[in-house]
Amino acid sequence: MSDLSRGETPHGREPRLLDQVHAAIRRLHYSRRTEESYVHWIRRFIYWSGKRHPATLGEAEVTAFLSHLATDRNVAAATQNQALAALLFLYRQVLGRELGWFDDLVRAKRPVRVPVVLGRGEVAALLAQLRGTHWLMASLLYGSGLRLMECLRLRVKDVDFAYRQILVRDGKGGKDRVTMLPEALIQPLHDQLGEAKRLHAIDLREGFGEVHLPYALARKYPRAGMEWGWQYVFSLGQALGGSRR
């Protein structure tokens, strides 16, 4: 059995396999959600195979694992496809191998369901149950079409009050896009930014206040992580608890 903790392969010792996966994903600028998902499925595949190194496995084992998910674990079709994408990425981008056809793969069934779409009155009733930061975040999801993580990662500099728009950076598929900022959310968003700026000033006085910067910007601009424009509109504490100190 290969020593996966040390990344041992038939070709000698290399960086740990999952470290190679992380590096490949970040090199291709995949989203953090995709990174978490791919690493999860690759790890499950390794444990399912008895901790054998994937370099010693191939189409037969991948087919058996994916079929196991459909028949024994009863996963949804989308979940099986997610696992398949993770393993294809592993073999193509990390191990440098192309997998062949999965002729014997048991496909998970995709149920046919009518999507549930809330009416305007139902959305208004739902939003009426929220208060403060949670109300503003949910209103942005609905009114601006932001995805949840896009809202949580929204930066101050990407809110454009003059043009009534929001710039979404590194959205699904790694693409940027511009979406509208509803008129009804302008003043609440101004208030939120005022509170965020107050908290940021406190953090700076206490020696904190630095946020994560994408890609290599932290090395190129070492102080940018503390600048106001790069701060998140919603702090972690507000997003989780909705409270303000």
# chains A, B, ... in the order shown; residues from 1 in each chain; ligands from 1
call {"tool": "residues_around", "arguments": {"residues": "A:Glu98", "least_positions_apart": "6", "cutoff": "12 Å", "atoms": "only C-alpha atoms", "output": "ChimeraX atom specification"}}
result
/A:55,58-59,87-92
call {"tool": "write_last_selection", "arguments": {"atoms": "C-alpha atoms", "output": "PDB file, in the first residue's frame"}}
result
ATOM      1  CA  ALA A  55      -1.840   6.372  -9.695  1.00  0.00           C
ATOM      2  CA  GLY A  58      -7.789   3.400 -13.346  1.00  0.00           C
ATOM      3  CA  GLU A  59     -11.103   3.301 -15.188  1.00  0.00           C
ATOM      4  CA  LEU A  87     -11.818  12.296 -10.272  1.00  0.00           C
ATOM      5  CA  LEU A  88     -11.431  13.404 -13.885  1.00  0.00           C
ATOM      6  CA  PHE A  89      -9.637  16.497 -12.578  1.00  0.00           C
ATOM      7  CA  LEU A  90      -7.394  14.352 -10.385  1.00  0.00           C
ATOM      8  CA  TYR A  91      -6.289  12.102 -13.221  1.00  0.00           C
ATOM      9  CA  ARG A  92      -6.032  14.766 -15.905  1.00  0.00           C
TER      10      ARG A  92
END
call {"tool": "select_by_dssp", "arguments": {"residues": "stretch 98-235 of chain A", "states": "strand (DSSP E)", "output": "PDB file with C-alpha atoms, in the first residue's frame"}}
result
ATOM      1  CA  VAL A 159     -20.490  48.400  -4.617  1.00  0.00           C
ATOM      2  CA  ASP A 160     -21.122  51.262  -7.057  1.00  0.00           C
ATOM      3  CA  GLN A 165     -24.735  48.372  -9.612  1.00  0.00           C
ATOM      4  CA  ILE A 166     -22.636  45.668  -7.964  1.00  0.00           C
ATOM      5  CA  LEU A 167     -19.572  44.093  -9.529  1.00  0.00           C
ATOM      6  CA  VAL A 168     -19.420  40.377  -8.782  1.00  0.00           C
ATOM      7  CA  ARG A 177     -20.312  40.112 -13.950  1.00  0.00           C
ATOM      8  CA  VAL A 178     -22.243  43.285 -13.179  1.00  0.00           C
ATOM      9  CA  THR A 179     -25.667  43.166 -11.548  1.00  0.00           C
ATOM     10  CA  MET A 180     -28.127  45.813 -10.447  1.00  0.00           C
TER      11      MET A 180
END
call {"tool": "select_by_dssp", "arguments": {"residues": "stretch 11-190 of chain A", "states": "helix (DSSP H, G or I)", "output": "JSON, numbers by chain"}}
result
{"A": [17, 18, 19, 20, 21, 22, 23, 24, 25, 26, 27, 32, 33, 34, 35, 36, 37, 38, 39, 40, 41, 42, 43, 44, 45, 46, 47, 48, 54, 55, 56, 59, 60, 61, 62, 63, 64, 65, 66, 67, 68, 69, 70, 71, 77, 78, 79, 80, 81, 82, 83, 84, 85, 86, 87, 88, 89, 90, 91, 92, 93, 94, 120, 121, 122, 123, 124, 125, 126, 127, 132, 133, 134, 135, 136, 137, 138, 139, 140, 141, 142, 143, 144, 148, 149, 150, 151, 152, 156, 157, 158, 172, 173, 174, 183, 184, 185, 186, 187, 188, 189, 190]}
call {"tool": "atom_distance", "arguments": {"atom1": "atom CA of A:Val233", "atom2": "atom CA of A:Arg27"}}
result
27.2 Å
call {"tool": "closest_residue", "arguments": {"among": "A:Ala184, A:Val106, A:Val211, A:Leu18", "to": "A:Asn81", "atoms": "only C-alpha atoms"}}
result
A:Val106
call {"tool": "atom_distance", "arguments": {"atom1": "atom CA of A:Ala64", "atom2": "atom CA of A:Val112"}}
result
25.7 Å
call {"tool": "closest_residue", "arguments": {"among": "A:Leu146, A:Ala60, A:Ala108, A:Ala224", "to": "A:Ala83", "atoms": "only C-alpha atoms"}}
result
A:Ala108
call {"tool": "atom_distance", "arguments": {"atom1": "atom CA of A:Gln93", "atom2": "atom CA of A:Ala23"}}
result
10.2 Å
call {"tool": "residues_around", "arguments": {"residues": "A:Met149", "least_positions_apart": "5", "cutoff": "12 Å", "atoms": "only C-alpha atoms", "output": "VMD selection string"}}
result
chain A and resid 31 to 33 137 to 138 140 to 141 154 to 155 168 to 172 232 234 236 239
